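J.: Here it is, the structure, as structure tokens.
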Amino acid sequence: MQSSTSDQTACPFWNKTWVKPLLPAQMPRRVMAHLAGTGCQPDNPGMLLPCQRALFEIPDHVAYFNCAYMSPLLRSVREAGVRAVALKTRPWELTPAMFFESMETAREGFATLAGTAADNVALIPAASYGMAVAALNLPVARGQQVLLLDEEFPSTIYAWQDRAKSAGAEAVLLRRPADDDWTRVVLEAISARTAVAALPHCHWTDGGLLDLARIRTALDAVGATLALDVTQSLGALPLDLSAVRPDMMVAACYKWLLGPYSTGFLYVAPRWHQGTPLERSWISREGSEDFSRLVDYRAGFRPGARRYDVGEPSNFALLPMVTEALRQLGAWTIPAIQQTLAAYCRELLEAVEPLGFTAVPADRRAGHFLGLRRARGMSPDLALRLAAAGVYASVRGNSLRVTPHLYNNRPDLDRFVAALTAATAPG
Ligand SMILES: Cc1ncc(COP(=O)(O)O)c(C=O)c1O
């Protein structure tokens, strides 16, 4: 599908005078003004990326603000997938070496993006799989506590509730603070009883941010471990692994890593490289490269975190897609993605504040997330009403979750504000 002229030329930034919500009737003039090149005033041109919509296949009538639900594929990722699927029509070309190339290339791609070594990375199919590995291996003793955030994504909650129960420990759901200061809440909860804190970098409902470096220091002081789920942040929000030092960290690929569904990564700190995998996969064992000697059963594993790889980790159809998506993210750079998406969210918030919407304050929120709340409440079918106008966002908890990416352009932003104005109009 061809992208339109507006896609090719769209600038992601818009005139500060635009911040008042637009009536739908005003939109064409605004769009035309934009196309004529007016209203582009990036406040930090060095870090802001231009609109990348032409690299995606999103029709003009779709304003997609739902990356936290599922990102669309880049054209280049779809093409990599088409080529990769076709490989299985010619299995005689699939050499044993290719089983390892596909997984090691993806592993390396993730390691580079995350700022670690490939040896610390395992291939997993879902965040829940990685959390199950973490829950199996990080120590929890009777009477200890596992710290979790209330309303956190279930893949983390279920893994640790079960682990705490079987260990005779307590899974503590930390209450959402009225001032959105999750960092304070976690720091106050850490005690000599803490075994593990299982946390995100930002809350999946509204982007509420945690200062993981400070939390790590507090966990160190009581000898506790840190299990992270960065599915809603890695790829869009910089994470300094050397400061945060998670013990284990999971990320599913289908959101901010722009990859296909059923792929993900698990980071494992070197001190946990000798643990127990969930499966007993042959390919994770040492010497598995020699297909003729697989029945010389081996007790040892391939090096580093590879013992935790999911079965059939070579995943010929999906991993080339993952690798291409990681390459593109690296080319844009995560800091530049964050700055750009934060500019989108900031301006969108300004535009809808007159409608009574608020969000977590900017210094306590990941820039790529906007969880819009409204004291007057929101109609339960708000997301459906927006979708009817071609605008896609999610309701999560009490928030309308708005999560843009680099494919969003100015017409999208206009359409979002117009649709929200119409959907919340009295009567
Ligand atoms: C914070 C978070 N973690 C993980 C996931 C996906 O989990 P899984 O890969 O286990 O399906 C989601 C999906 O919305 C999420 O929001």
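By convention in this document, the chains of the structure tokens carry letters A, B, ... by their order, each chain's residues are numbered from 1, and ligands are numbered from 1 in the order they are shown.
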Find the residues near ligand 1. Use a cut-off of 9 Å, count only C-alpha atoms and all ligand atoms, and write them as a PyMOL selection string.
T.: chain A and resi 68-70+125-131+152-156+200+202-205+229-233+250-255+261-264
J.: Go ahead and write the selection's residues with N, CA and C atoms as a CSV table (one decimal), in the first residue's frame.
T.:
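Saved the output as again.csv:
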```csv
chain,number,residue,atom,x,y,z
A,68,ALA,N,0.9,0.6,23.0
A,68,ALA,CA,1.0,-0.2,24.2
A,68,ALA,C,0.1,-1.5,24.2
A,69,TYR,N,-0.8,-1.5,23.2
A,69,TYR,CA,-1.6,-2.7,23.0
A,69,TYR,C,-0.9,-3.6,22.0
A,70,MET,N,-0.6,-3.1,20.8
A,70,MET,CA,0.1,-3.9,19.8
A,70,MET,C,0.7,-2.9,18.8
A,125,PRO,N,9.1,-16.8,24.5
A,125,PRO,CA,8.0,-16.5,23.7
A,125,PRO,C,7.0,-15.5,24.2
A,126,ALA,N,7.1,-15.2,25.5
A,126,ALA,CA,6.2,-14.3,26.2
A,126,ALA,C,6.8,-13.8,27.5
A,127,ALA,N,6.3,-12.6,27.9
A,127,ALA,CA,6.7,-12.1,29.2
A,127,ALA,C,6.5,-13.1,30.3
A,128,SER,N,5.3,-13.7,30.3
A,128,SER,CA,4.9,-14.7,31.3
A,128,SER,C,6.0,-15.8,31.4
A,129,TYR,N,6.5,-16.2,30.3
A,129,TYR,CA,7.6,-17.3,30.3
A,129,TYR,C,8.8,-16.8,31.0
A,130,GLY,N,9.2,-15.6,30.7
A,130,GLY,CA,10.4,-15.0,31.4
A,130,GLY,C,10.2,-14.8,32.9
A,131,MET,N,9.0,-14.4,33.3
A,131,MET,CA,8.7,-14.2,34.7
A,131,MET,C,8.7,-15.6,35.4
A,152,GLU,N,-0.8,-4.1,38.4
A,152,GLU,CA,0.2,-4.4,37.4
A,152,GLU,C,-0.2,-5.5,36.5
A,153,PHE,N,0.5,-5.7,35.4
A,153,PHE,CA,0.0,-6.7,34.4
A,153,PHE,C,0.0,-8.1,34.9
A,154,PRO,N,-1.0,-8.9,34.6
A,154,PRO,CA,-1.1,-10.2,35.3
A,154,PRO,C,0.1,-11.2,35.1
A,155,SER,N,0.8,-11.0,34.0
A,155,SER,CA,1.9,-12.0,33.7
A,155,SER,C,2.9,-11.9,34.9
A,156,THR,N,3.1,-10.7,35.5
A,156,THR,CA,4.0,-10.6,36.6
A,156,THR,C,3.3,-11.1,37.9
A,200,PRO,N,7.7,-3.0,37.0
A,200,PRO,CA,7.9,-2.5,35.6
A,200,PRO,C,8.8,-1.2,35.7
A,202,CYS,N,7.7,1.4,33.9
A,202,CYS,CA,6.5,2.3,34.0
A,202,CYS,C,5.2,1.5,34.0
A,203,HIS,N,4.2,2.0,34.7
A,203,HIS,CA,3.0,1.3,34.9
A,203,HIS,C,2.3,1.1,33.5
A,204,TRP,N,1.7,0.0,33.3
A,204,TRP,CA,1.2,-0.3,31.9
A,204,TRP,C,-0.2,0.4,31.7
A,205,THR,N,-0.8,0.9,32.8
A,205,THR,CA,-2.1,1.6,32.6
A,205,THR,C,-2.0,3.1,32.2
A,229,ASP,N,9.8,-6.2,34.4
A,229,ASP,CA,9.0,-6.4,33.2
A,229,ASP,C,9.1,-5.1,32.4
A,230,VAL,N,9.9,-5.1,31.4
A,230,VAL,CA,10.0,-3.8,30.6
A,230,VAL,C,9.3,-3.8,29.3
A,231,THR,N,8.3,-4.7,29.2
A,231,THR,CA,7.5,-4.8,27.9
A,231,THR,C,6.9,-3.5,27.5
A,232,GLN,N,6.5,-2.7,28.5
A,232,GLN,CA,5.9,-1.4,28.2
A,232,GLN,C,6.9,-0.2,28.1
A,233,SER,N,8.2,-0.5,28.1
A,233,SER,CA,9.1,0.6,28.1
A,233,SER,C,10.3,0.4,27.2
A,250,VAL,N,12.3,-9.1,31.7
A,250,VAL,CA,11.6,-9.7,30.5
A,250,VAL,C,11.1,-8.5,29.7
A,251,ALA,N,11.0,-8.8,28.4
A,251,ALA,CA,10.3,-7.9,27.4
A,251,ALA,C,9.7,-8.7,26.3
A,252,ALA,N,8.4,-8.6,26.2
A,252,ALA,CA,7.7,-9.2,25.0
A,252,ALA,C,8.0,-8.2,23.8
A,253,CYS,N,8.1,-8.7,22.6
A,253,CYS,CA,8.5,-7.9,21.5
A,253,CYS,C,7.4,-7.2,20.8
A,254,TYR,N,6.1,-7.5,21.0
A,254,TYR,CA,5.1,-7.1,20.1
A,254,TYR,C,4.5,-5.7,20.4
A,255,LYS,N,5.1,-5.0,21.3
A,255,LYS,CA,4.7,-3.6,21.6
A,255,LYS,C,5.8,-2.6,21.1
A,261,TYR,N,4.2,-11.0,17.4
A,261,TYR,CA,3.7,-11.6,18.6
A,261,TYR,C,4.4,-12.9,18.8
A,262,SER,N,4.4,-13.4,20.1
A,262,SER,CA,5.0,-14.7,20.4
A,262,SER,C,6.5,-14.7,20.4
A,263,THR,N,7.1,-13.5,20.6
A,263,THR,CA,8.6,-13.4,20.7
A,263,THR,C,8.9,-12.5,21.9
A,264,GLY,N,10.1,-12.7,22.5
A,264,GLY,CA,10.5,-11.9,23.6
A,264,GLY,C,11.9,-12.2,24.1
```
J.: Need the shell around Phe65 of chain A: protein/DNA/RNA residues with any atom at most 12 Å away, counting only C-alpha atoms. Skip same-chain ones fewer than 5 positions apart. Format as a count of residues only?
T.: 37
J.: How many Å lie between atom CA of Val172 of chain A and atom CA of Tyr158 of chain A, rounded to one decimal?
T.: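 Result for atom CA of Val172 of chain A versus atom CA of Tyr158 of chain A: 12.3 Å, one decimal.
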J.: From the options A:Arg107, A:Arg175, A:Arg396, A:Arg346, which residue's atoms come nearest to Gly367 of chain A, counting only C-alpha atoms?
T.: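 Going through A:Arg107, A:Arg175, A:Arg396, A:Arg346 one by one, the smallest distance to Gly367 of chain A is for A:Arg346.
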J.: Which residues are close to segment 296-301 of chain A, i.e. within 7 Å by only C-alpha atoms, leaving aside same-chain residues fewer than 3 positions away? Reply as a list of chain:residue names.
T.: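 Those residues are A:Ser284, A:Arg285, A:Glu286, A:Arg293, A:Arg307.
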J.: Hey, what's within 12 Å of Ala169 of chain A if we count only C-alpha atoms and toss same-chain stuff fewer than 3 positions away? As a PDB file with C-alpha atoms, in the first residue's frame, please?
T.:
```pdb
ATOM      1  CA  PRO A 139      15.260 -17.021  46.052  1.00  0.00           C
ATOM      2  CA  VAL A 140      12.181 -16.532  48.212  1.00  0.00           C
ATOM      3  CA  ALA A 141      12.056 -17.978  51.731  1.00  0.00           C
ATOM      4  CA  ARG A 142       9.219 -18.619  54.165  1.00  0.00           C
ATOM      5  CA  GLY A 143       8.069 -15.427  55.866  1.00  0.00           C
ATOM      6  CA  GLN A 144       9.642 -13.142  53.263  1.00  0.00           C
ATOM      7  CA  GLN A 145       7.800 -10.696  50.989  1.00  0.00           C
ATOM      8  CA  VAL A 146       7.554 -10.239  47.240  1.00  0.00           C
ATOM      9  CA  LEU A 147       6.737  -6.626  46.321  1.00  0.00           C
ATOM     10  CA  TRP A 160       4.943 -14.147  41.874  1.00  0.00           C
ATOM     11  CA  GLN A 161       1.700 -14.819  43.745  1.00  0.00           C
ATOM     12  CA  ASP A 162       2.168 -18.529  43.031  1.00  0.00           C
ATOM     13  CA  ARG A 163       5.847 -18.422  43.953  1.00  0.00           C
ATOM     14  CA  ALA A 164       5.153 -16.593  47.212  1.00  0.00           C
ATOM     15  CA  LYS A 165       2.410 -19.050  48.111  1.00  0.00           C
ATOM     16  CA  SER A 166       4.544 -22.126  47.474  1.00  0.00           C
ATOM     17  CA  VAL A 172       2.359  -7.684  48.722  1.00  0.00           C
ATOM     18  CA  ARG A 193      11.662  -9.120  54.824  1.00  0.00           C
ATOM     19  CA  THR A 194      11.894  -8.251  51.122  1.00  0.00           C
ATOM     20  CA  ALA A 195      13.019 -11.151  48.926  1.00  0.00           C
ATOM     21  CA  VAL A 196      12.172  -9.763  45.493  1.00  0.00           C
TER      22      VAL A 196
END
```
J.: I want to know what sits within 7 Å of Tyr267 of chain A, based on only C-alpha atoms, with residues of the same chain fewer than 6 positions away left out; could you give that as an MDAnalysis selection string?
T.: chainID A and resid 120:122 248:250
J.: Residues within 7 Å of segment 76-83 of chain A, please, as a PyMOL selection string. Count only C-alpha atoms; anything in the same chain fewer than 6 positions from it doesn't count.
T.: chain A and resi 317-318+320-321+324-325
J.: Please produce a file of those selected residues containing C-alpha atoms, as a short mmCIF file (atom, residue, chain, number, x, y, z; two decimals), in the first residue's frame.
T.:
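As a result, selection35.cif now contains:
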```
data_model
loop_
_atom_site.label_atom_id
_atom_site.label_comp_id
_atom_site.auth_asym_id
_atom_site.auth_seq_id
_atom_site.Cartn_x
_atom_site.Cartn_y
_atom_site.Cartn_z
CA ALA A 317 9.78 -17.42 10.65
CA LEU A 318 9.73 -14.79 13.41
CA PRO A 320 14.38 -12.33 11.27
CA MET A 321 11.43 -9.97 11.87
CA GLU A 324 14.99 -6.16 11.63
CA ALA A 325 12.77 -4.32 14.14
#
```
J.: For Thr217 of chain A, find every residue with an atom within 9 Å (counting only C-alpha atoms), except residues of its own chain fewer than 5 positions away, and show them as number ranges by chain.
T.: A: 212, 243-244
J.: Atom CA of Pro177 of chain A and atom CA of Arg214 of chain A, how far apart in Å?
T.: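 A separation of 17.8 Å between them.
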J.: Report, in Å with one decimal, the straight-line distance from atom CA of Arg75 of chain A to atom CA of Glu57 of chain A.
T.: 6.5 Å
